[in-house]
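Asks: If it helps, the file is called entry_3.txt and holds compact mmCIF, C-alpha atoms and all ligand atoms:
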```
# COMPACT_ATOMS: atom_id res chain seq x y z
CA MET A 496 -13.40 -160.32 -30.30
CA ALA A 497 -13.36 -162.70 -33.29
CA LYS A 498 -11.56 -161.33 -36.31
CA LEU A 499 -13.49 -160.60 -39.48
CA LYS A 500 -12.73 -163.28 -42.06
CA VAL A 501 -11.79 -161.46 -45.24
CA GLY A 502 -11.55 -162.92 -48.74
CA ILE A 503 -9.62 -160.94 -51.35
CA LEU A 504 -10.31 -161.18 -55.08
CA ILE A 505 -7.48 -160.29 -57.45
CA SER A 506 -6.61 -160.57 -61.13
CA GLY A 507 -3.04 -159.34 -61.23
CA ARG A 508 -0.22 -157.69 -59.33
CA GLY A 509 -1.89 -157.69 -55.94
CA SER A 510 -0.20 -154.69 -54.33
CA ASN A 511 -3.39 -153.71 -52.48
CA MET A 512 -3.78 -157.33 -51.41
CA ALA A 513 -0.18 -157.25 -50.12
CA ALA A 514 -0.95 -154.07 -48.13
CA LEU A 515 -3.97 -155.81 -46.57
CA ILE A 516 -1.96 -158.93 -45.73
CA GLU A 517 0.69 -156.76 -44.10
CA ALA A 518 -1.89 -154.82 -42.08
CA ALA A 519 -3.61 -158.00 -40.94
CA ARG A 520 -0.30 -159.21 -39.52
CA SER A 521 -0.14 -156.41 -37.00
CA PRO A 522 -1.33 -157.32 -33.52
CA GLY A 523 -4.84 -156.16 -32.75
CA TYR A 524 -5.89 -155.80 -36.40
CA PRO A 525 -9.55 -156.87 -36.41
CA GLY A 526 -9.45 -158.84 -39.67
CA GLU A 527 -7.70 -161.92 -40.98
CA ILE A 528 -7.18 -162.82 -44.62
CA ALA A 529 -8.94 -166.17 -44.97
CA CYS A 530 -8.15 -166.69 -48.65
CA VAL A 531 -7.21 -165.01 -51.92
CA VAL A 532 -9.09 -165.91 -55.08
CA SER A 533 -7.93 -165.06 -58.59
CA ASN A 534 -9.61 -165.54 -61.93
CA LYS A 535 -6.16 -165.85 -63.49
CA ALA A 536 -3.71 -168.62 -62.64
CA ASP A 537 -0.73 -166.39 -63.49
CA ALA A 538 -1.76 -163.42 -61.30
CA ALA A 539 1.46 -162.27 -59.60
CA GLY A 540 -0.42 -161.64 -56.36
CA LEU A 541 -1.09 -165.37 -55.89
CA ALA A 542 2.59 -166.05 -55.20
CA ILE A 543 2.71 -163.20 -52.69
CA ALA A 544 -0.31 -164.60 -50.85
CA ALA A 545 1.03 -168.16 -50.90
CA ALA A 546 4.38 -166.95 -49.54
CA ALA A 547 2.47 -165.34 -46.68
CA GLY A 548 0.84 -168.68 -45.92
CA ILE A 549 -2.61 -167.64 -47.13
CA PRO A 550 -4.75 -170.19 -48.98
CA THR A 551 -5.12 -169.29 -52.66
CA VAL A 552 -7.68 -170.45 -55.18
CA THR A 553 -7.82 -169.91 -58.93
CA VAL A 554 -11.23 -169.99 -60.57
CA SER A 555 -10.62 -169.46 -64.27
CA HIS A 556 -13.46 -167.56 -65.89
CA ARG A 557 -12.57 -169.26 -69.17
CA ALA A 558 -13.90 -172.55 -67.83
CA TYR A 559 -17.46 -171.22 -67.47
CA PRO A 560 -20.22 -170.76 -70.04
CA ASP A 561 -21.66 -167.64 -68.38
CA ARG A 562 -20.88 -165.07 -65.69
CA GLU A 563 -23.26 -166.36 -63.07
CA SER A 564 -21.92 -169.91 -62.97
CA PHE A 565 -18.40 -168.49 -62.57
CA ASP A 566 -19.62 -166.14 -59.84
CA ARG A 567 -21.31 -168.97 -57.96
CA ASP A 568 -18.11 -171.00 -57.93
CA VAL A 569 -16.06 -168.00 -56.73
CA SER A 570 -18.59 -167.54 -53.97
CA ALA A 571 -18.45 -171.23 -53.05
CA ALA A 572 -14.64 -171.01 -52.81
CA LEU A 573 -14.91 -167.99 -50.51
CA GLU A 574 -17.55 -169.62 -48.32
CA LYS A 575 -15.52 -172.82 -48.09
CA HIS A 576 -12.81 -170.73 -46.43
CA GLY A 577 -15.29 -169.15 -44.03
CA VAL A 578 -15.18 -165.72 -45.70
CA GLU A 579 -17.60 -163.18 -44.22
CA PHE A 580 -16.44 -160.10 -46.09
CA VAL A 581 -15.16 -159.71 -49.66
CA VAL A 582 -12.53 -157.19 -50.71
CA LEU A 583 -11.94 -156.57 -54.42
CA ALA A 584 -8.34 -155.61 -55.09
CA GLY A 585 -7.75 -155.19 -58.80
CA PHE A 586 -10.28 -157.88 -59.69
CA LEU A 587 -10.96 -157.20 -63.33
CA ARG A 588 -14.05 -159.30 -64.04
CA ILE A 589 -17.53 -157.90 -64.40
CA PHE A 590 -19.98 -159.78 -62.18
CA SER A 591 -23.43 -161.07 -62.93
CA ASN A 592 -26.08 -159.37 -60.80
CA TRP A 593 -26.16 -162.45 -58.60
CA PHE A 594 -22.74 -161.92 -57.00
CA PRO A 595 -23.17 -158.37 -55.64
CA GLN A 596 -26.69 -159.23 -54.53
CA HIS A 597 -25.44 -162.30 -52.67
CA TRP A 598 -22.67 -160.29 -50.95
CA ALA A 599 -24.67 -157.06 -50.58
CA GLY A 600 -23.32 -154.94 -47.72
CA ARG A 601 -20.43 -157.40 -47.34
CA MET A 602 -18.28 -156.51 -50.37
CA ILE A 603 -16.13 -153.47 -51.13
CA ASN A 604 -13.91 -152.27 -53.98
CA ILE A 605 -11.12 -149.76 -54.42
CA HIS A 606 -11.08 -147.64 -57.56
CA PRO A 607 -8.28 -145.25 -58.62
CA SER A 608 -10.34 -142.10 -59.08
CA LEU A 609 -12.50 -139.83 -56.97
CA LEU A 610 -15.84 -141.39 -57.86
CA PRO A 611 -18.29 -140.62 -59.33
CA SER A 612 -15.73 -139.06 -61.70
CA PHE A 613 -13.89 -141.34 -64.10
CA LYS A 614 -15.33 -144.83 -64.29
CA GLY A 615 -14.11 -147.74 -66.37
CA LEU A 616 -10.57 -148.18 -67.63
CA HIS A 617 -7.52 -145.88 -67.76
CA VAL A 618 -9.14 -143.62 -65.21
CA GLN A 619 -5.88 -141.88 -64.32
CA GLN A 620 -5.48 -140.89 -67.99
CA GLN A 621 -9.13 -139.78 -67.99
CA ALA A 622 -8.32 -137.52 -65.03
CA LEU A 623 -5.28 -136.07 -66.82
CA ASP A 624 -7.30 -135.50 -70.00
CA ALA A 625 -10.00 -133.69 -68.02
CA GLY A 626 -7.40 -131.37 -66.45
CA VAL A 627 -8.57 -131.93 -62.88
CA ARG A 628 -6.26 -130.65 -60.12
CA LEU A 629 -7.20 -133.36 -57.65
CA SER A 630 -7.58 -137.07 -58.09
CA GLY A 631 -7.29 -140.05 -55.78
CA CYS A 632 -8.99 -143.28 -54.92
CA THR A 633 -12.37 -144.34 -53.61
CA VAL A 634 -13.44 -147.29 -51.49
CA HIS A 635 -17.09 -148.13 -52.05
CA PHE A 636 -19.65 -150.85 -51.52
CA VAL A 637 -20.10 -153.01 -54.60
CA ILE A 638 -23.48 -153.00 -56.32
CA PRO A 639 -24.41 -154.46 -59.71
CA ASP A 640 -23.60 -151.17 -61.53
CA LEU A 641 -19.92 -150.81 -62.40
CA ASP A 642 -17.81 -148.38 -60.31
CA ALA A 643 -20.87 -147.29 -58.39
CA GLY A 644 -22.17 -148.05 -54.91
CA PRO A 645 -22.17 -146.07 -51.67
CA ILE A 646 -18.83 -144.34 -51.01
CA ILE A 647 -17.10 -145.29 -47.76
CA ALA A 648 -13.85 -143.32 -47.93
CA GLN A 649 -11.61 -141.46 -50.33
CA ALA A 650 -7.99 -140.38 -50.49
CA ALA A 651 -7.10 -137.34 -52.56
CA VAL A 652 -3.82 -136.42 -54.22
CA PRO A 653 -2.79 -133.44 -56.34
CA VAL A 654 -2.47 -133.74 -60.10
CA LEU A 655 0.78 -131.95 -60.86
CA GLU A 656 1.97 -130.19 -63.96
CA GLY A 657 4.01 -132.62 -66.04
CA ASP A 658 2.31 -135.72 -64.63
CA ASP A 659 1.89 -138.60 -67.01
CA GLU A 660 -0.33 -141.63 -66.45
CA ALA A 661 2.43 -143.58 -64.71
CA ALA A 662 3.27 -140.76 -62.28
CA LEU A 663 -0.33 -140.13 -61.31
CA THR A 664 -1.06 -143.86 -61.05
CA ALA A 665 1.88 -144.33 -58.67
CA ARG A 666 0.86 -141.34 -56.52
CA ILE A 667 -2.69 -142.65 -56.21
CA LEU A 668 -1.55 -146.23 -55.55
CA ARG A 669 0.50 -145.12 -52.53
CA GLN A 670 -2.71 -143.72 -51.05
CA GLU A 671 -4.66 -146.87 -51.94
CA HIS A 672 -2.22 -148.81 -49.80
CA ARG A 673 -2.89 -146.47 -46.84
CA LEU A 674 -6.64 -146.23 -47.27
CA TYR A 675 -7.74 -149.80 -47.97
CA PRO A 676 -6.36 -151.45 -44.80
CA GLU A 677 -7.86 -148.60 -42.78
CA VAL A 678 -11.32 -149.13 -44.26
CA VAL A 679 -11.18 -152.90 -43.73
CA ARG A 680 -10.22 -152.17 -40.12
CA TRP A 681 -13.43 -150.14 -39.70
CA PHE A 682 -15.47 -153.09 -40.94
CA GLY A 683 -13.63 -155.41 -38.57
CA GLU A 684 -14.48 -153.03 -35.75
CA GLY A 685 -18.14 -153.02 -36.80
CA ARG A 686 -18.22 -149.25 -37.30
CA VAL A 687 -19.65 -149.04 -40.82
CA SER A 688 -23.33 -148.66 -41.68
CA GLU A 689 -25.20 -147.63 -44.79
CA SER A 690 -28.62 -146.15 -45.23
CA GLY A 691 -30.19 -144.67 -48.34
CA GLY A 692 -26.90 -144.77 -50.20
CA LYS A 693 -24.99 -142.83 -47.52
CA VAL A 694 -22.32 -144.44 -45.42
CA ALA A 695 -21.59 -143.61 -41.80
CA VAL A 696 -18.50 -144.73 -39.91
CA ARG A 697 -19.04 -144.51 -36.18
CA GLY A 698 -16.48 -143.30 -33.70
CA LEU A 699 -14.01 -141.61 -36.03
CA ALA A 700 -12.69 -138.10 -35.84
CA PRO A 701 -14.57 -135.78 -38.22
CA GLY A 702 -13.08 -135.99 -41.70
CA ALA A 703 -11.34 -139.33 -41.11
CA THR A 704 -12.97 -140.87 -44.18
CA LEU A 705 -11.03 -138.44 -46.37
CA LEU A 706 -7.27 -138.75 -46.51
CA PHE A 707 -5.26 -136.10 -48.27
CA SER A 708 -1.66 -136.35 -49.35
CA GLY A 709 0.06 -133.37 -50.92
CA GLU A 710 3.13 -135.50 -51.66
CA ALA A 711 4.34 -135.24 -55.26
C1 LIG A 801 -5.48 -150.61 -58.33
O1 LIG A 801 -5.01 -149.35 -58.71
C2 LIG A 801 -6.98 -150.58 -58.16
O2 LIG A 801 -7.45 -149.37 -57.66
C3 LIG A 801 -7.43 -150.78 -59.59
O3 LIG A 801 -6.56 -151.76 -60.09
C4 LIG A 801 -5.29 -151.63 -59.47
C5 LIG A 801 -4.89 -152.98 -58.94
O4 LIG A 801 -3.58 -152.94 -58.47
N1 LIG A 801 -8.80 -151.19 -59.65
C6 LIG A 801 -9.65 -150.77 -60.58
O5 LIG A 801 -9.33 -150.06 -61.50
C7 LIG A 801 -11.09 -151.26 -60.39
N2 LIG A 801 -11.99 -150.53 -61.21
P1 LIG A 801 -3.05 -154.06 -57.48
O6 LIG A 801 -3.33 -155.41 -58.16
O7 LIG A 801 -1.56 -153.81 -57.41
O8 LIG A 801 -3.74 -153.91 -56.18
```
Using structure tokens, write down the structure from this file.
Ligand code: GAR
Replies:
Amino acid sequence: MAKLKVGILISGRGSNMAALIEAARSPGYPGEIACVVSNKADAAGLAIAAAAGIPTVTVSHRAYPDRESFDRDVSAALEKHGVEFVVLAGFLRIFSNWFPQHWAGRMINIHPSLLPSFKGLHVQQQALDAGVRLSGCTVHFVIPDLDAGPIIAQAAVPVLEGDDEAALTARILRQEHRLYPEVVRWFGEGRVSESGGKVAVRGLAPGATLLFSGEA
């Protein structure tokens, strides 16, 4: 079966992108990374992608008068590389409504909290401030509203006494790197559907869309 052509959008470090590139290298993985697009020329992830032989594109948001014209050029870059499915991996630009509408049902994001709790920035600190005992990450479809959209899968981790933002962030990030390649695999296998805001993933063991790690 043809592999799903995935485009990854980044703004920085690119550790989730690196996890996806690594997964896509394994034989039988149903997706291939067709290109990586950054809005920042100095995003560290660009060098990682280039070293892996993946085409990279920088579309600097500073060069555009408004969000939609930037979004249309990002989209054109993705389409030029044959991208069918868009994965946001630490892409820190807010879209115009046009972009998520254009890629509706074909674009996902990972967010470092158990949505719908803790949207926006510094969400790990928000979780610590709220005193929750569990946090984690969420993979969801992207819609025009920020950090919203039907939830596809989550990974949960404990919040431990003495955690600071860095410790909790690192614990969640390890689960992001497990969860995201798994979810992209499900899309490549054509298992994912959405109806009325609820996502179903066909052919998985019950509970497989929730990972839990008790690791400190
Ligand atoms: C990740 O923790 C991701 O969940 C978060 O940015 C980080 C990017 O790290 N995304 C968001 O907060 C989106 N709202 P990475 O560049 O190393 O993958």
Asks: From the list A:Leu674, A:Ala650, A:Val696, A:Ile589, which residue is nearest Leu610 (chain A) when using all atoms listed in the file?
Replies: A:Ala650
Asks: Around ligand LIG 801 (chain A), which protein and nucleic acid residues have at least one atom no more than 7 Å from it, if we count all atoms listed in the file? List them as a PyMOL selection string.
Replies: chain A and resi 505-512+584-587+605-607+615-616+632+642+668+671
Asks: Neighbouring residues of region 533-537 of chain A were defined as those with any atom within 7 Å, considering all atoms listed in the file; residues of the same chain fewer than 3 positions away were excluded. Please report them as a PyMOL selection string.
Replies: chain A and resi 504-506+552-556
Asks: Tell me which of A:Leu583, A:Val679, A:Leu541, A:Val637 sits closest to Pro525 (chain A), counting only C-alpha atoms.
Replies: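 Answer, going by the shortest atom-to-atom distance: A:Val679.
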Asks: Can you tell me which residues surround region 698-711 of chain A at a distance of at most 7 Å, considering only C-alpha atoms, apart from same-chain residues fewer than 5 positions away, and format the answer as an MDAnalysis selection string?
Replies: chainID A and resid 648:653
Asks: Have a look at CA of Ile549 (chain A) and CA of Asn604 (chain A) and let me know their distance in Å, one decimal.
Replies: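 Spanning CA of Ile549 (chain A) to CA of Asn604 (chain A) is a straight-line distance of 20.3 Å.
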Asks: As a PyMOL selection string, please: the residues near His635 (chain A) (cut-off 6 Å, all atoms listed in the file, same-chain neighbours under 2 positions excluded).
Replies: chain A and resi 603-604+644-647
Asks: Which residues of region 592-668 of chain A come within 10 Å of region 561-568 of chain A, and what is each one's closest atom pair and distance in Å (one decimal), counting only C-alpha atoms, sorted by chain and residue number, as CSV?
Replies:
```
residue,atom,partner,partner_atom,distance
A:Asn592,CA,A:Glu563,CA,7.9
A:Trp593,CA,A:Glu563,CA,6.6
A:Phe594,CA,A:Asp566,CA,6.0
A:Pro595,CA,A:Asp566,CA,9.5
A:His597,CA,A:Arg567,CA,9.5
```
Asks: Do you know which residues are at most 10 Å from region 621-627 of chain A counting all atoms listed in the file, after dropping those on the same chain fewer than 4 positions away, and could you put them as number ranges by chain?
Replies: A: 608-609, 612-617, 631, 653-660, 663
Asks: Would you compute the distance between CA of Lys500 (chain A) and CA of Ala513 (chain A)? Give it in Å to one decimal.
Replies: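 Rounded to one decimal, the two atoms are 16.1 Å apart.
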Asks: Compare A:Glu579, A:Glu689, A:Glu517, A:Glu527 by their minimum atom-to-atom distance to Arg673 (chain A), counting only C-alpha atoms, and give me the closest one.
Replies: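 The answer is A:Glu517, which sits nearest to Arg673 (chain A).
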Asks: As an exercise, work out the distance from CA of Pro676 (chain A) to CA of Ile503 (chain A) in Å and give it to one decimal place.
Replies: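 Atom-to-atom, CA of Pro676 (chain A) to CA of Ile503 (chain A), that is 12.0 Å.
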